[in-house]
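Asks: Structure file work03.txt (compact mmCIF, C-alpha atoms) is given on the next line.
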# COMPACT_ATOMS: atom_id res chain seq x y z
CA GLY T 555 19.37 22.80 5.98
CA PRO T 556 19.27 20.45 2.98
CA ALA T 557 21.09 17.15 2.67
CA VAL T 558 21.44 17.65 -1.12
CA THR T 559 21.38 20.95 -3.04
CA LEU T 560 21.20 21.41 -6.82
CA ASP T 561 21.90 25.06 -7.71
CA SER T 562 23.76 24.79 -11.02
CA SER T 563 23.26 23.12 -14.40
CA ASN T 564 23.83 19.44 -13.71
CA ASP T 565 22.11 16.09 -13.88
CA VAL T 566 21.76 14.66 -10.38
CA THR T 567 20.87 11.05 -9.69
CA ILE T 568 20.29 9.80 -6.14
CA TYR T 569 20.20 6.06 -5.66
CA GLY T 570 20.96 5.89 -1.95
CA ASN T 571 19.25 6.97 1.25
CA ILE T 572 18.96 10.44 2.77
CA SER T 573 18.56 10.97 6.51
CA ASN T 574 18.06 14.36 8.17
CA LYS T 575 16.29 13.47 11.41
CA ASN T 576 15.39 15.37 14.58
CA THR T 577 15.92 18.82 13.03
CA THR T 578 13.55 21.76 12.78
CA GLY T 579 13.55 23.08 9.21
CA ALA T 580 15.17 19.91 7.89
CA GLN T 581 15.25 19.50 4.11
CA GLY T 582 16.00 16.45 2.02
CA ILE T 583 16.69 17.75 -1.50
CA VAL T 584 16.65 21.38 -2.66
CA ILE T 585 16.66 22.67 -6.24
CA ASP T 586 17.60 26.35 -5.96
CA THR T 587 16.82 28.31 -9.12
CA GLY T 588 18.45 31.47 -7.77
CA THR T 589 17.40 34.87 -6.52
CA ALA T 590 17.62 37.19 -9.53
CA THR T 591 16.47 40.77 -9.13
CA THR T 592 13.66 40.13 -11.62
CA ALA T 593 11.68 36.91 -11.39
CA ALA T 594 11.82 34.64 -14.42
CA THR T 595 8.87 34.34 -16.79
CA LEU T 596 7.83 31.48 -19.07
CA THR T 597 9.51 33.13 -22.05
CA ASP T 598 12.86 33.65 -20.30
CA PRO T 599 15.71 31.16 -20.79
CA ASP T 600 16.22 28.52 -18.13
CA THR T 601 18.25 29.69 -15.15
CA ILE T 602 19.71 26.23 -14.56
CA THR T 603 19.18 23.00 -16.48
CA GLY T 604 19.44 19.32 -15.76
CA THR T 605 17.45 16.34 -14.56
CA LEU T 606 16.88 15.28 -10.97
CA THR T 607 16.34 11.54 -10.63
CA VAL T 608 15.68 9.94 -7.25
CA ALA T 609 15.17 6.20 -7.63
CA PRO T 610 16.51 2.76 -6.66
CA THR T 611 19.13 1.18 -8.87
CA ASN T 612 16.96 -1.93 -9.36
CA SER T 613 13.71 -3.48 -8.19
CA SER T 614 15.37 -5.19 -5.21
CA SER T 615 16.97 -2.05 -3.75
CA VAL T 616 15.45 0.79 -1.74
CA THR T 617 15.82 4.57 -1.88
CA SER T 618 14.49 6.43 1.15
CA ILE T 619 14.34 9.94 2.57
CA ASP T 620 13.93 10.06 6.34
CA LEU T 621 12.99 13.37 7.98
CA SER T 622 11.34 11.82 11.02
CA GLY T 623 11.85 12.56 14.70
CA SER T 624 11.60 15.85 16.55
CA GLY T 625 11.28 19.25 14.91
CA ASP T 626 8.80 20.79 12.48
CA THR T 627 8.62 22.84 9.26
CA LYS T 628 10.42 20.19 7.21
CA THR T 629 10.49 19.68 3.44
CA GLY T 630 11.40 16.49 1.61
CA LEU T 631 11.90 17.98 -1.88
CA LEU T 632 11.93 21.76 -2.38
CA ILE T 633 12.10 23.67 -5.67
CA THR T 634 12.72 27.28 -4.73
CA GLY T 635 14.00 30.63 -6.01
CA ASN T 636 12.57 32.93 -8.65
CA GLY T 637 14.27 31.35 -11.65
CA LYS T 638 13.55 28.43 -14.01
CA PHE T 639 14.77 24.87 -13.67
CA GLY T 640 14.87 23.39 -17.16
CA GLY T 641 14.44 19.65 -16.89
CA ASP T 642 12.36 16.87 -15.40
CA VAL T 643 12.08 15.92 -11.75
CA ILE T 644 11.72 12.15 -11.44
CA PHE T 645 10.86 11.12 -7.90
CA GLY T 646 10.74 7.34 -7.93
CA SER T 647 10.42 4.91 -10.81
CA SER T 648 7.52 2.71 -11.87
CA LEU T 649 10.05 0.28 -13.35
CA LEU T 650 12.78 0.22 -10.69
CA GLY T 651 10.71 0.97 -7.62
CA PRO T 652 9.37 3.84 -5.55
CA VAL T 653 11.08 6.28 -3.26
CA THR T 654 9.94 5.96 0.34
CA MET T 655 9.79 9.25 2.22
CA ALA T 656 8.80 9.70 5.88
CA ILE T 657 8.39 13.16 7.40
CA GLN T 658 7.24 13.96 10.92
CA GLY T 659 6.44 17.44 12.16
CA ASN T 660 3.76 20.10 11.92
CA ASN T 661 3.86 22.59 9.05
CA SER T 662 5.90 20.18 6.93
CA THR T 663 5.61 19.39 3.22
CA GLY T 664 6.66 16.38 1.22
CA ILE T 665 7.20 18.05 -2.17
CA LEU T 666 7.05 21.85 -2.40
CA LEU T 667 7.27 24.03 -5.51
CA ALA T 668 7.67 27.45 -3.94
CA PRO T 669 6.01 30.63 -5.24
CA GLY T 670 8.08 32.29 -7.98
CA ALA T 671 9.87 29.10 -9.01
CA ILE T 672 9.26 27.62 -12.48
CA LEU T 673 9.76 23.95 -13.33
CA ASN T 674 10.25 23.88 -17.09
CA GLY T 675 9.58 20.16 -17.41
CA ASP T 676 7.59 17.33 -15.87
CA LEU T 677 7.17 16.29 -12.24
CA ASP T 678 6.87 12.50 -12.04
CA ILE T 679 6.07 10.98 -8.63
CA ALA T 680 6.34 7.24 -8.09
CA SER T 681 6.65 7.14 -4.34
CA THR T 682 5.26 6.32 -0.95
CA ILE T 683 5.22 9.54 1.07
CA SER T 684 4.03 9.42 4.68
CA MET T 685 3.44 12.64 6.62
CA THR T 686 2.68 12.67 10.36
CA PRO T 687 2.23 15.50 12.87
CA THR T 688 4.63 16.44 15.64
CA THR T 689 2.44 14.76 18.24
CA SER T 690 0.60 11.59 17.34
CA ASN T 691 -3.20 11.92 17.41
CA ASP T 692 -3.00 15.67 18.07
CA THR T 693 -6.30 17.36 17.19
CA ALA T 694 -4.70 20.79 16.66
CA ALA T 695 -4.14 21.95 13.07
CA SER T 696 -1.07 20.21 11.68
CA GLY T 697 -0.30 22.38 8.64
CA ILE T 698 0.86 19.25 6.79
CA SER T 699 0.69 18.79 3.02
CA VAL T 700 2.09 15.97 0.91
CA VAL T 701 2.47 17.88 -2.38
CA ASN T 702 2.13 21.66 -2.54
CA LEU T 703 2.57 23.32 -5.93
CA GLN T 704 2.66 27.10 -5.58
CA GLY T 705 4.88 27.95 -8.56
CA GLN T 706 4.52 27.13 -12.26
CA ILE T 707 5.06 23.85 -14.12
CA THR T 708 5.26 24.03 -17.91
CA GLY T 709 4.92 20.26 -18.32
CA ASN T 710 2.86 17.57 -16.67
CA VAL T 711 2.42 16.27 -13.15
CA PHE T 712 2.18 12.50 -12.91
CA ILE T 713 1.38 10.49 -9.78
CA ASP T 714 2.17 7.02 -11.00
CA SER T 715 0.29 3.80 -10.33
CA GLY T 716 1.39 2.26 -7.04
CA SER T 717 2.19 5.62 -5.45
CA ARG T 718 0.75 6.27 -1.99
CA LEU T 719 0.57 9.81 -0.67
CA LEU T 720 -0.42 9.65 3.00
CA ALA T 721 -1.08 12.57 5.36
CA TYR T 722 -2.15 12.14 8.97
CA GLY T 723 -3.17 15.10 11.12
CA GLN T 724 -5.92 17.63 11.66
CA GLY T 725 -6.33 19.81 8.58
CA SER T 726 -3.66 17.93 6.65
CA LEU T 727 -3.72 18.15 2.85
CA GLY T 728 -2.91 15.69 0.09
CA VAL T 729 -2.12 17.49 -3.18
CA VAL T 730 -2.56 21.27 -3.39
CA SER T 731 -2.00 23.42 -6.48
CA THR T 732 -2.30 27.17 -6.04
CA GLY T 733 0.16 27.83 -8.86
CA VAL T 734 -0.20 26.95 -12.53
CA ILE T 735 0.22 23.56 -14.21
CA HIS T 736 0.38 24.31 -17.93
CA GLY T 737 0.29 20.62 -18.87
CA SER T 738 -1.83 17.83 -17.44
CA PHE T 739 -2.32 16.54 -13.91
CA VAL T 740 -2.67 12.76 -13.92
CA ASN T 741 -3.23 10.80 -10.71
CA SER T 742 -2.97 7.02 -11.03
CA GLY T 743 -1.99 6.46 -7.41
CA ALA T 744 -3.67 6.73 -4.00
CA ILE T 745 -4.01 9.92 -1.96
CA ASP T 746 -5.08 9.30 1.64
CA VAL T 747 -5.67 12.10 4.17
CA GLU T 748 -6.78 11.35 7.73
CA SER T 749 -7.51 13.48 10.78
CA PHE T 750 -8.33 12.46 14.33
CA GLN T 751 -11.66 12.41 16.11
CA GLU T 752 -12.14 13.56 19.69
CA THR T 753 -14.62 11.85 22.00
CA THR T 754 -15.95 13.31 25.24
CA ASN T 755 -17.26 11.20 28.11
CA GLN T 756 -20.55 12.84 29.06
CA SER T 757 -20.29 11.59 32.63
CA THR T 758 -16.72 12.67 33.41
CA GLY T 759 -16.18 15.39 30.81
CA VAL T 760 -12.88 13.81 29.84
CA THR T 761 -11.92 14.31 26.20
CA SER T 762 -9.78 11.69 24.48
CA VAL T 763 -8.55 10.74 21.05
CA PRO T 764 -8.67 7.01 20.26
CA LYS T 765 -5.28 5.76 19.15
CA GLY T 766 -5.06 5.63 15.38
CA SER T 767 -8.51 7.08 14.86
CA GLY T 768 -8.95 8.61 11.46
CA ASP T 769 -11.92 10.07 9.68
Before anything else, please render the file you have as structure tokens.

Replies:
Amino acid sequence: GPAVTLDSSNDVTIYGNISNKNTTGAQGIVIDTGTATTAATLTDPDTITGTLTVAPTNSSSVTSIDLSGSGDTKTGLLITGNGKFGGDVIFGSSLLGPVTMAIQGNNSTGILLAPGAILNGDLDIASTISMTPTTSNDTAASGISVVNLQGQITGNVFIDSGSRLLAYGQGSLGVVSTGVIHGSFVNSGAIDVESFQETTNQSTGVTSVPKGSGD
């Protein structure tokens, strides 16, 4: 389950570190917009309101989310439900410093806006997010994505300068949007996706994956 849950109208600021290691289905932060009988639309009032800020207190401090270790199907930041969250999600700060998030495990996602959920505000990412598969150098499909936006965002999505979104694993994805961003998508950071290359010795038939090989 989640280390932090926001399911009511409040401003939440996280300056410290979150650790939820060695757990299948581990979650760092969850914004739960509720499970109303009828899903919210853009014209409906916000279900809950507030601002989520995850950032260091100053440029010399660190804020981290650690979902490493054993297990799979993990999520660093999840916005879920079929309601509307009215407010901005600020994940790291260009002024104070980035959030560092490390997630290990197949079928995991760094930041997920689930289908049916509406973010009535901006999503601002100033972070280093590193995603790795369950088994290092595994050539099987990892199902990993760094940012996966399946719901709706009324505002903008910013990936700030200095951000690094890193995904390692076969079939891993950087930023995916199958929902709707009604504002702008602006990437000023770096998105790096790497898979692993198999080699087969023609004499012995042995297949191997060089350590750290990436396409």

Asks: Between atom CA of T:Ile568 and atom CA of T:Val608, what is the distance in Å, rounded to a tenth?

Replies: 4.7 Å

Asks: Which is closer to T:Tyr569 than all the others in T:Pro652, T:Gly588, T:Pro599, T:Pro556, using all atoms listed in the file?

Replies: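 Closest to T:Tyr569, using all atoms listed in the file: T:Pro652.
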
Asks: By how many Å are atom CA of T:Gly697 and atom CA of T:Ile583 apart?

Replies: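 Interatomic distance here is 20.3 Å.
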
Asks: So how far away is atom CA of T:Thr603 from atom CA of T:Ser681, in Å?

Replies: 23.6 Å

Asks: Measuring atom to atom with all atoms listed in the file, identify which of T:Ser562, T:Ser749, T:Gln704, T:Ser648 is nearest to T:Ser731.

Replies: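 Going through T:Ser562, T:Ser749, T:Gln704, T:Ser648 one by one, the smallest distance to T:Ser731 is for T:Gln704.
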
Asks: Could you give me, as a PyMOL selection string, the residues within 6 Å of stretch 590-595 of chain T, counting all atoms listed in the file and dropping anything in the same chain fewer than 3 positions from it?

Replies: chain T and resi 598+636-637

Asks: Extract, using all atoms listed in the file, all DNA, RNA and protein residues at most 6 Å from stretch 670-678 of chain T, discarding same-chain residues fewer than 3 positions from it, and format them as a list in words.

Replies: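 Listing them by chain and then by number gives Thr634, Gly635, Asn636, Gly637, Lys638, Phe639, Gly640, Gly641, Asp642, Val643, Ile644, Phe645, Gly705, Gln706, Ile707, Thr708, Gly709, Asn710, Val711 and Phe712 of chain T.
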
Asks: Which one is closest to T:Thr689: T:Thr629, T:Leu649, T:Val740, T:Ser622? Count only C-alpha atoms.

Replies: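 For T:Thr689, the nearest of the candidates is T:Ser622.
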
Asks: Taking N, CA, C and O atoms as the atom set, what does stretch 646-657 of chain T look like once completed, written as a PDB file, in the coordinates of the input?

Replies:
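Okay, rebuild-v5.pdb is ready:
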ATOM      1  N   GLY T 646      11.168   8.731  -7.936  1.00  0.00           N
ATOM      2  CA  GLY T 646      10.740   7.340  -7.930  1.00  0.00           C
ATOM      3  C   GLY T 646      10.561   6.830  -9.345  1.00  0.00           C
ATOM      4  O   GLY T 646      10.471   7.618 -10.298  1.00  0.00           O
ATOM      5  N   SER T 647      10.516   5.524  -9.481  1.00  0.00           N
ATOM      6  CA  SER T 647      10.420   4.910 -10.810  1.00  0.00           C
ATOM      7  C   SER T 647       9.413   3.768 -10.795  1.00  0.00           C
ATOM      8  O   SER T 647       9.477   2.882  -9.939  1.00  0.00           O
ATOM      9  N   SER T 648       8.495   3.806 -11.752  1.00  0.00           N
ATOM     10  CA  SER T 648       7.520   2.710 -11.870  1.00  0.00           C
ATOM     11  C   SER T 648       8.200   1.395 -12.246  1.00  0.00           C
ATOM     12  O   SER T 648       7.707   0.315 -11.927  1.00  0.00           O
ATOM     13  N   LEU T 649       9.337   1.488 -12.932  1.00  0.00           N
ATOM     14  CA  LEU T 649      10.050   0.280 -13.350  1.00  0.00           C
ATOM     15  C   LEU T 649      10.981  -0.248 -12.266  1.00  0.00           C
ATOM     16  O   LEU T 649      10.995  -1.437 -11.964  1.00  0.00           O
ATOM     17  N   LEU T 650      11.767   0.651 -11.659  1.00  0.00           N
ATOM     18  CA  LEU T 650      12.780   0.220 -10.690  1.00  0.00           C
ATOM     19  C   LEU T 650      12.253   0.164  -9.264  1.00  0.00           C
ATOM     20  O   LEU T 650      12.770  -0.589  -8.442  1.00  0.00           O
ATOM     21  N   GLY T 651      11.259   0.968  -8.961  1.00  0.00           N
ATOM     22  CA  GLY T 651      10.710   0.970  -7.620  1.00  0.00           C
ATOM     23  C   GLY T 651      10.518   2.377  -7.093  1.00  0.00           C
ATOM     24  O   GLY T 651      11.103   3.332  -7.594  1.00  0.00           O
ATOM     25  N   PRO T 652       9.692   2.514  -6.066  1.00  0.00           N
ATOM     26  CA  PRO T 652       9.370   3.840  -5.550  1.00  0.00           C
ATOM     27  C   PRO T 652      10.431   4.368  -4.585  1.00  0.00           C
ATOM     28  O   PRO T 652      11.267   3.632  -4.080  1.00  0.00           O
ATOM     29  N   VAL T 653      10.369   5.655  -4.374  1.00  0.00           N
ATOM     30  CA  VAL T 653      11.080   6.280  -3.260  1.00  0.00           C
ATOM     31  C   VAL T 653      10.154   6.238  -2.055  1.00  0.00           C
ATOM     32  O   VAL T 653       8.946   6.471  -2.176  1.00  0.00           O
ATOM     33  N   THR T 654      10.713   5.934  -0.896  1.00  0.00           N
ATOM     34  CA  THR T 654       9.940   5.960   0.340  1.00  0.00           C
ATOM     35  C   THR T 654      10.394   7.166   1.160  1.00  0.00           C
ATOM     36  O   THR T 654      11.572   7.289   1.488  1.00  0.00           O
ATOM     37  N   MET T 655       9.449   8.048   1.459  1.00  0.00           N
ATOM     38  CA  MET T 655       9.790   9.250   2.220  1.00  0.00           C
ATOM     39  C   MET T 655       8.898   9.342   3.452  1.00  0.00           C
ATOM     40  O   MET T 655       7.673   9.234   3.344  1.00  0.00           O
ATOM     41  N   ALA T 656       9.512   9.550   4.618  1.00  0.00           N
ATOM     42  CA  ALA T 656       8.800   9.700   5.880  1.00  0.00           C
ATOM     43  C   ALA T 656       9.174  11.030   6.508  1.00  0.00           C
ATOM     44  O   ALA T 656      10.355  11.318   6.704  1.00  0.00           O
ATOM     45  N   ILE T 657       8.163  11.853   6.803  1.00  0.00           N
ATOM     46  CA  ILE T 657       8.390  13.160   7.400  1.00  0.00           C
ATOM     47  C   ILE T 657       7.459  13.321   8.594  1.00  0.00           C
ATOM     48  O   ILE T 657       6.244  13.102   8.480  1.00  0.00           O
TER      49      ILE T 657
END
